[in-house]
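Raw contents of target.csv, CSV, C-alpha atoms:
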```csv
chain,number,residue,atom,x,y,z
A,1,MET,CA,-8.0,21.0,-18.7
A,2,VAL,CA,-4.4,22.2,-17.9
A,3,ALA,CA,-1.8,19.9,-19.5
A,4,LEU,CA,0.2,17.9,-17.0
A,5,ASP,CA,4.0,17.9,-17.2
A,6,ARG,CA,5.6,14.5,-17.7
A,7,SER,CA,8.0,15.2,-14.9
A,8,LEU,CA,5.2,14.0,-12.7
A,9,ILE,CA,5.7,10.4,-13.9
A,10,SER,CA,9.1,10.2,-15.6
A,11,ARG,CA,10.9,9.2,-12.5
A,12,LEU,CA,8.3,6.6,-11.4
A,13,ALA,CA,9.2,2.9,-12.0
A,14,LEU,CA,5.7,2.2,-13.5
A,15,PHE,CA,6.6,4.4,-16.5
A,16,GLN,CA,10.2,3.4,-17.0
A,17,GLY,CA,10.9,2.1,-20.5
A,18,MET,CA,8.4,4.6,-22.1
A,19,ALA,CA,9.7,7.2,-24.5
A,20,PRO,CA,9.3,10.9,-23.3
A,21,GLU,CA,6.6,11.5,-25.9
A,22,GLU,CA,4.7,8.4,-24.8
A,23,GLN,CA,4.8,9.6,-21.2
A,24,SER,CA,3.4,13.0,-22.3
A,25,GLU,CA,0.7,11.3,-24.5
A,26,LEU,CA,-0.3,9.1,-21.6
A,27,LEU,CA,-0.8,12.1,-19.4
A,28,ARG,CA,-3.1,13.8,-21.8
A,29,GLY,CA,-6.0,11.8,-20.5
A,30,ALA,CA,-5.2,12.3,-16.8
A,31,ARG,CA,-6.3,14.7,-14.2
A,32,SER,CA,-4.5,15.5,-11.0
A,33,SER,CA,-6.3,15.7,-7.6
A,34,ARG,CA,-5.4,16.3,-4.0
A,35,TYR,CA,-6.9,14.4,-1.1
A,36,ALA,CA,-6.6,15.4,2.5
A,37,LYS,CA,-5.6,12.9,5.2
A,38,ASP,CA,-8.4,10.5,6.0
A,39,SER,CA,-10.5,11.4,3.0
A,40,THR,CA,-11.9,8.6,0.8
A,41,ILE,CA,-10.8,8.3,-2.8
A,42,PHE,CA,-13.2,5.5,-3.7
A,43,GLU,CA,-15.5,3.1,-1.8
A,44,GLN,CA,-15.6,-0.7,-1.9
A,45,GLU,CA,-18.2,-1.9,-4.4
A,46,ALA,CA,-18.7,1.5,-5.9
A,47,GLU,CA,-18.7,1.8,-9.7
A,48,ALA,CA,-15.1,1.9,-10.9
A,49,HIS,CA,-15.1,5.2,-12.8
A,50,SER,CA,-11.3,5.8,-12.7
A,51,PHE,CA,-8.0,4.2,-12.1
A,52,PHE,CA,-5.1,6.1,-10.3
A,53,VAL,CA,-1.4,6.6,-9.8
A,54,LEU,CA,-0.2,8.0,-6.5
A,55,THR,CA,2.4,10.7,-7.0
A,56,ALA,CA,2.7,11.9,-3.4
A,57,GLY,CA,1.7,10.4,0.0
A,58,HIS,CA,0.4,7.0,1.1
A,59,ILE,CA,-3.0,5.4,0.7
A,60,ARG,CA,-4.6,2.8,3.0
A,61,VAL,CA,-6.6,0.1,1.2
A,62,VAL,CA,-9.4,-1.2,3.4
A,63,ARG,CA,-11.8,-4.2,2.8
A,64,THR,CA,-15.0,-4.7,4.8
A,65,THR,CA,-15.9,-8.3,5.4
A,66,PRO,CA,-19.5,-9.6,5.1
A,67,ASP,CA,-19.8,-9.4,8.9
A,68,GLY,CA,-18.8,-5.8,8.9
A,69,GLN,CA,-15.2,-6.1,10.1
A,70,GLN,CA,-12.7,-3.7,8.5
A,71,VAL,CA,-9.3,-5.2,7.4
A,72,ILE,CA,-6.4,-3.1,6.0
A,73,ALA,CA,-5.4,-5.0,2.9
A,74,ARG,CA,-2.3,-3.0,2.1
A,75,TYR,CA,-0.8,0.4,1.8
A,76,ILE,CA,-0.1,2.1,-1.5
A,77,SER,CA,3.1,4.1,-1.8
A,78,GLU,CA,4.3,6.9,-4.1
A,79,GLY,CA,4.6,5.8,-7.7
A,80,GLU,CA,2.1,2.9,-7.4
A,81,ILE,CA,-1.0,2.3,-9.6
A,82,PHE,CA,-4.2,1.4,-7.8
A,83,GLY,CA,-8.0,1.1,-8.4
A,84,VAL,CA,-7.4,-0.7,-11.7
A,85,ALA,CA,-10.6,-2.7,-11.5
A,86,ALA,CA,-10.6,-3.2,-15.3
A,87,ALA,CA,-7.3,-5.1,-15.1
A,88,LEU,CA,-9.1,-7.5,-12.7
A,89,GLY,CA,-12.1,-7.8,-15.0
A,90,ARG,CA,-14.3,-5.9,-12.5
A,91,THR,CA,-16.7,-3.0,-12.9
A,92,THR,CA,-16.6,-2.1,-9.2
A,93,TYR,CA,-13.8,-1.4,-6.7
A,94,PRO,CA,-12.9,-4.5,-4.5
A,95,ALA,CA,-11.9,-2.3,-1.6
A,96,THR,CA,-12.0,1.3,-0.2
A,97,ALA,CA,-9.0,3.6,-0.7
A,98,VAL,CA,-8.4,6.2,2.0
A,99,ALA,CA,-5.6,8.8,2.2
A,100,ALA,CA,-3.3,7.9,5.1
A,101,VAL,CA,-1.7,11.3,4.7
A,102,ASP,CA,-2.3,14.2,2.4
A,103,CYS,CA,-2.0,12.8,-1.1
A,104,VAL,CA,-1.8,13.8,-4.8
A,105,VAL,CA,-3.1,11.3,-7.4
A,106,LEU,CA,-3.4,11.1,-11.1
A,107,ALA,CA,-6.6,9.7,-12.4
A,108,TRP,CA,-7.7,8.3,-15.8
A,109,ALA,CA,-11.2,7.4,-16.8
A,110,ASN,CA,-11.7,3.6,-16.4
A,111,SER,CA,-13.1,3.5,-20.0
A,112,LEU,CA,-9.6,4.4,-21.2
A,113,TRP,CA,-7.8,1.4,-19.7
A,114,ALA,CA,-8.0,-1.0,-22.6
A,115,GLU,CA,-6.9,1.6,-25.1
A,116,LEU,CA,-4.0,2.8,-23.0
A,117,ALA,CA,-2.8,-0.7,-22.2
A,118,ARG,CA,-2.8,-1.4,-26.0
A,119,ARG,CA,-1.2,1.8,-27.1
A,120,PHE,CA,1.5,1.8,-24.3
A,121,PRO,CA,2.4,-1.9,-23.8
A,122,VAL,CA,5.2,-1.1,-21.3
A,123,PHE,CA,2.6,0.7,-19.1
A,124,GLY,CA,0.1,-2.2,-19.5
A,125,ALA,CA,2.7,-4.8,-18.7
A,126,SER,CA,3.9,-3.0,-15.6
A,127,THR,CA,0.3,-2.6,-14.4
A,128,TYR,CA,-0.4,-6.3,-14.9
A,129,LYS,CA,2.8,-7.2,-13.1
A,130,THR,CA,1.8,-5.0,-10.2
A,131,VAL,CA,-1.7,-6.6,-10.0
A,132,GLY,CA,-0.1,-10.1,-10.1
A,133,THR,CA,2.3,-9.2,-7.3
A,134,ARG,CA,-0.5,-7.9,-5.1
A,135,LEU,CA,-2.6,-11.1,-5.7
A,136,GLN,CA,0.4,-13.1,-4.6
A,137,GLU,CA,0.9,-10.9,-1.5
A,138,THR,CA,-2.8,-11.4,-0.7
A,139,GLN,CA,-2.4,-15.2,-1.0
A,140,THR,CA,0.6,-15.0,1.3
A,141,ARG,CA,-1.3,-13.0,3.9
A,142,VAL,CA,-4.2,-15.5,3.8
A,143,VAL,CA,-1.8,-18.3,4.6
A,144,GLU,CA,-0.3,-16.2,7.4
A,145,MET,CA,-3.7,-15.5,8.9
A,146,SER,CA,-4.7,-19.2,8.9
A,147,THR,CA,-1.4,-20.7,10.0
A,148,GLU,CA,0.7,-18.3,12.0
A,149,GLN,CA,0.5,-17.1,15.6
A,150,VAL,CA,-0.4,-13.5,16.2
A,151,GLU,CA,3.2,-12.5,17.1
A,152,GLN,CA,4.4,-13.8,13.7
A,153,ARG,CA,1.7,-12.0,11.8
A,154,VAL,CA,2.5,-8.7,13.5
A,155,ALA,CA,6.2,-9.1,12.9
A,156,HIS,CA,5.6,-9.9,9.2
A,157,ALA,CA,3.4,-6.8,8.9
A,158,LEU,CA,6.0,-4.5,10.3
A,159,LEU,CA,8.7,-6.0,8.1
A,160,ARG,CA,6.6,-5.6,5.0
A,161,LEU,CA,5.9,-1.9,5.9
A,162,ALA,CA,9.5,-1.2,6.7
A,163,ASN,CA,10.6,-2.8,3.4
A,164,GLN,CA,7.9,-1.0,1.4
A,165,THR,CA,8.2,2.5,2.9
A,166,GLY,CA,11.1,2.4,5.3
A,167,ARG,CA,13.3,5.4,5.8
A,168,LYS,CA,16.7,5.0,7.4
A,169,THR,CA,17.2,7.1,10.5
A,170,ASP,CA,19.8,7.1,13.3
A,171,SER,CA,17.4,4.9,15.3
A,172,GLY,CA,16.7,2.4,12.6
A,173,ILE,CA,14.2,2.0,9.8
A,174,GLU,CA,11.2,4.2,10.3
A,175,ILE,CA,7.9,3.4,8.7
A,176,ASP,CA,7.5,6.6,6.8
A,177,PHE,CA,3.9,7.5,7.4
A,178,PRO,CA,1.5,7.6,10.4
A,179,ILE,CA,0.3,4.2,11.4
A,180,SER,CA,-1.6,3.5,14.6
A,181,ARG,CA,-1.7,0.3,16.7
A,182,GLN,CA,-5.3,0.0,15.6
A,183,ASP,CA,-4.1,0.0,12.0
A,184,ILE,CA,-1.7,-2.8,12.7
A,185,ALA,CA,-4.4,-4.7,14.4
A,186,GLU,CA,-6.6,-4.4,11.3
A,187,MET,CA,-3.8,-5.5,9.1
A,188,THR,CA,-3.2,-8.7,11.1
A,189,GLY,CA,-6.6,-9.8,12.2
A,190,THR,CA,-6.0,-9.3,15.9
A,191,THR,CA,-7.0,-6.8,18.7
A,192,LEU,CA,-5.7,-3.4,19.7
A,193,HIS,CA,-4.9,-4.9,23.1
A,194,THR,CA,-2.7,-7.6,21.6
A,195,VAL,CA,-0.8,-5.3,19.3
A,196,SER,CA,-0.2,-2.9,22.1
A,197,ARG,CA,1.1,-5.7,24.4
A,198,LEU,CA,3.4,-7.0,21.6
A,199,LEU,CA,4.8,-3.6,20.6
A,200,SER,CA,5.4,-2.6,24.2
A,201,LYS,CA,7.3,-5.9,24.8
A,202,TRP,CA,9.4,-5.5,21.6
A,203,GLU,CA,10.2,-1.9,22.6
A,204,ASP,CA,11.4,-3.1,26.0
A,205,ASN,CA,13.6,-5.7,24.2
A,206,GLY,CA,15.1,-3.1,21.9
A,207,ILE,CA,13.6,-4.4,18.7
A,208,ILE,CA,11.4,-1.4,17.8
A,209,LEU,CA,10.7,2.1,18.8
A,210,SER,CA,7.0,3.0,19.0
A,211,GLY,CA,5.6,6.5,19.3
A,212,ARG,CA,2.4,8.3,18.4
A,213,GLN,CA,1.5,6.8,15.1
A,214,LYS,CA,5.2,6.0,14.4
A,215,VAL,CA,7.0,2.8,14.4
A,216,THR,CA,10.8,2.4,13.9
A,217,VAL,CA,12.4,-1.0,13.4
A,218,LYS,CA,15.6,-1.0,15.4
A,219,ASP,CA,16.7,-4.6,15.0
A,220,ALA,CA,15.3,-6.0,11.8
A,221,HIS,CA,17.1,-9.4,12.3
A,222,ARG,CA,15.4,-10.1,15.6
A,223,LEU,CA,12.1,-9.1,14.0
A,224,VAL,CA,12.7,-11.6,11.2
A,225,VAL,CA,13.5,-14.3,13.8
A,226,LEU,CA,10.1,-13.5,15.4
A,227,ALA,CA,8.3,-13.6,12.1
A,228,GLU,CA,9.8,-17.0,11.2
A,229,ASN,CA,9.1,-18.3,14.7
A,230,ARG,CA,12.7,-19.0,15.4
A,231,ASP,CA,12.8,-17.1,18.7
A,232,LYS,CA,14.1,-19.3,21.5
A,233,GLY,CA,12.9,-16.8,24.1
```
Will you turn the file into structure tokens for me?
Amino acid sequence: MVALDRSLISRLALFQGMAPEEQSELLRGARSSRYAKDSTIFEQEAEAHSFFVLTAGHIRVVRTTPDGQQVIARYISEGEIFGVAAALGRTTYPATAVAAVDCVVLAWANSLWAELARRFPVFGASTYKTVGTRLQETQTRVVEMSTEQVEQRVAHALLRLANQTGRKTDSGIEIDFPISRQDIAEMTGTTLHTVSRLLSKWEDNGIILSGRQKVTVKDAHRLVVLAENRDKG
């Protein structure tokens, strides 16, 4: 196996606070892989053989409900750890991970998790913090799905994506990976028709720009007003 250079991870927040030699040592057990857009990295309920860090690209995390409905749980951005079933006390993956664009990931054998978390406490603590934050985000989304109107849910979803992956452009804050209206529908528990109607209305009102698998938030304040249901029409 070719040794991986620590420059792959040294700039990532997950590994900040680790000494250079610790970063290099951590990488000894990793392998680097490329995944083409729309390819699957792992399947929901499959045996958790590895855990991963995304070094380039974006990943879509999809859960399939008992009745067969697909729900996009979240997107993983560059520098994030994912698929850490062991940190959740699981032996299988709770969701499916799909490359939203061409991706590069680092993977470690799941059997190494406990040892690495013990040997590199900064890495372990960062991972558990990430897992905790995602669990809190999941709880927030459950509350949104059960208490908010569709317009609020879609506005919240766009704001989260803009905050997570937004790239400033002359037109506003562009969500920096391809996302379709169907993807947004699957994130918010609604229909493609409803999302299309809302995005078209918001575009007419100058709140967003919407193109082929691209969304740019032009007026974040007005989108926040919609998300918080403070719009007086």
**Item:** d(atom CA of Ile184 of chain A, atom CA of Phe51 of chain A) in Å
**Value:**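 Separation between atom CA of Ile184 of chain A and atom CA of Phe51 of chain A: 26.5 Å.
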**Who sits within 12 Å of Trp113 of chain A, all atoms listed in the file, same chain under 6 positions skipped, as JSON, numbers by chain** = {"A": [26, 29, 30, 48, 49, 50, 51, 52, 83, 84, 85, 86, 87, 88, 89, 107, 119, 120, 121, 123, 124, 127, 128]}
**Residue with smallest distance to Leu161 of chain A - pool A:Val215, A:Val71, A:Ala114, A:Val104, counting all atoms listed in the file** =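 Smallest separation from Leu161 of chain A among the options: A:Val215.
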**Item:** Separation of atom CA of Ala227 of chain A from atom CA of Ala155 of chain A, in Å and rounded to one decimal
**Value:** 5.0 Å
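Across the model, the gap from atom CA of Val142 of chain A to atom CA of His221 of chain A is 23.7 Å.
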**Request:** Name all residues at most 9 Å from Gln164 of chain A (count all atoms listed in the file; drop same-chain ones fewer than 5 positions away) and give them as a PyMOL selection string.
**Result:** chain A and resi 75+77+159+175
**Nearest residue to Gln139 of chain A from the set A:Leu27, A:Ile41, A:Leu54, A:Ala73 (distances using all atoms listed in the file)** =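 The closest residue to Gln139 of chain A is A:Ala73.
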**Message:** Using all atoms listed in the file for the distances, tell me which of A:Ile81, A:Ala13, A:Val53, A:Leu223 is nearest to Arg134 of chain A.
**Reply:**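 Ranking A:Ile81, A:Ala13, A:Val53, A:Leu223 by distance to Arg134 of chain A, first place goes to A:Ile81.
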Around all listed atoms of segment 60-63 of chain A, padded 6 Å per side, what centre and edge lengths does the axis-aligned box have in Å to one decimal, as AutoDock Vina command-line options?
```
--center_x -8.2 --center_y -0.7 --center_z 2.3 --size_x 19.2 --size_y 19.0 --size_z 14.2
```
Give one line per residue of segment 41-70 of chain A that approaches segment 187-192 of chain A to at most 12 Å, naming the two atoms of the closest pair and their distance in Å to one decimal, counting all atoms listed in the file; sort by chain then ascending residue number and deliver it as JSON lines.
```
{"residue": "A:Arg60", "atom": "CA", "partner": "A:Met187", "partner_atom": "CA", "distance": 10.3}
{"residue": "A:Val61", "atom": "CA", "partner": "A:Met187", "partner_atom": "CA", "distance": 10.1}
{"residue": "A:Val62", "atom": "CA", "partner": "A:Met187", "partner_atom": "CA", "distance": 9.1}
{"residue": "A:Arg63", "atom": "CA", "partner": "A:Met187", "partner_atom": "CA", "distance": 10.3}
{"residue": "A:Thr65", "atom": "CA", "partner": "A:Gly189", "partner_atom": "CA", "distance": 11.6}
{"residue": "A:Gln69", "atom": "CA", "partner": "A:Gly189", "partner_atom": "CA", "distance": 9.6}
{"residue": "A:Gln70", "atom": "CA", "partner": "A:Met187", "partner_atom": "CA", "distance": 9.1}
```
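In this comparison, which uses all atoms listed in the file, the residue of A:Ser7, A:Gln152, A:Gln23, A:Thr92 approaching Glu228 of chain A most closely is A:Gln152.
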**Request:** Name the residues in contact with Gly206 of chain A at a cut-off of 9 Å, using all atoms listed in the file, excluding same-chain residues fewer than 5 positions from it; report them as a list of chain:residue names.
**Result:** A:Lys201, A:Lys218, A:Asp219
**Item:** Nearest-residue call for Thr169 of chain A, choices A:Ala56, A:Leu209, A:Glu115, A:Asp102, using all atoms listed in the file
**Value:**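 The shortest atom-to-atom distance to Thr169 of chain A comes from A:Leu209.
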**Request:** Name the residues in contact with Phe42 of chain A at a cut-off of 9 Å, using all atoms listed in the file, excluding same-chain residues fewer than 3 positions from it; report them as a PyMOL selection string.
**Result:** chain A and resi 45-48+83+93+95-98
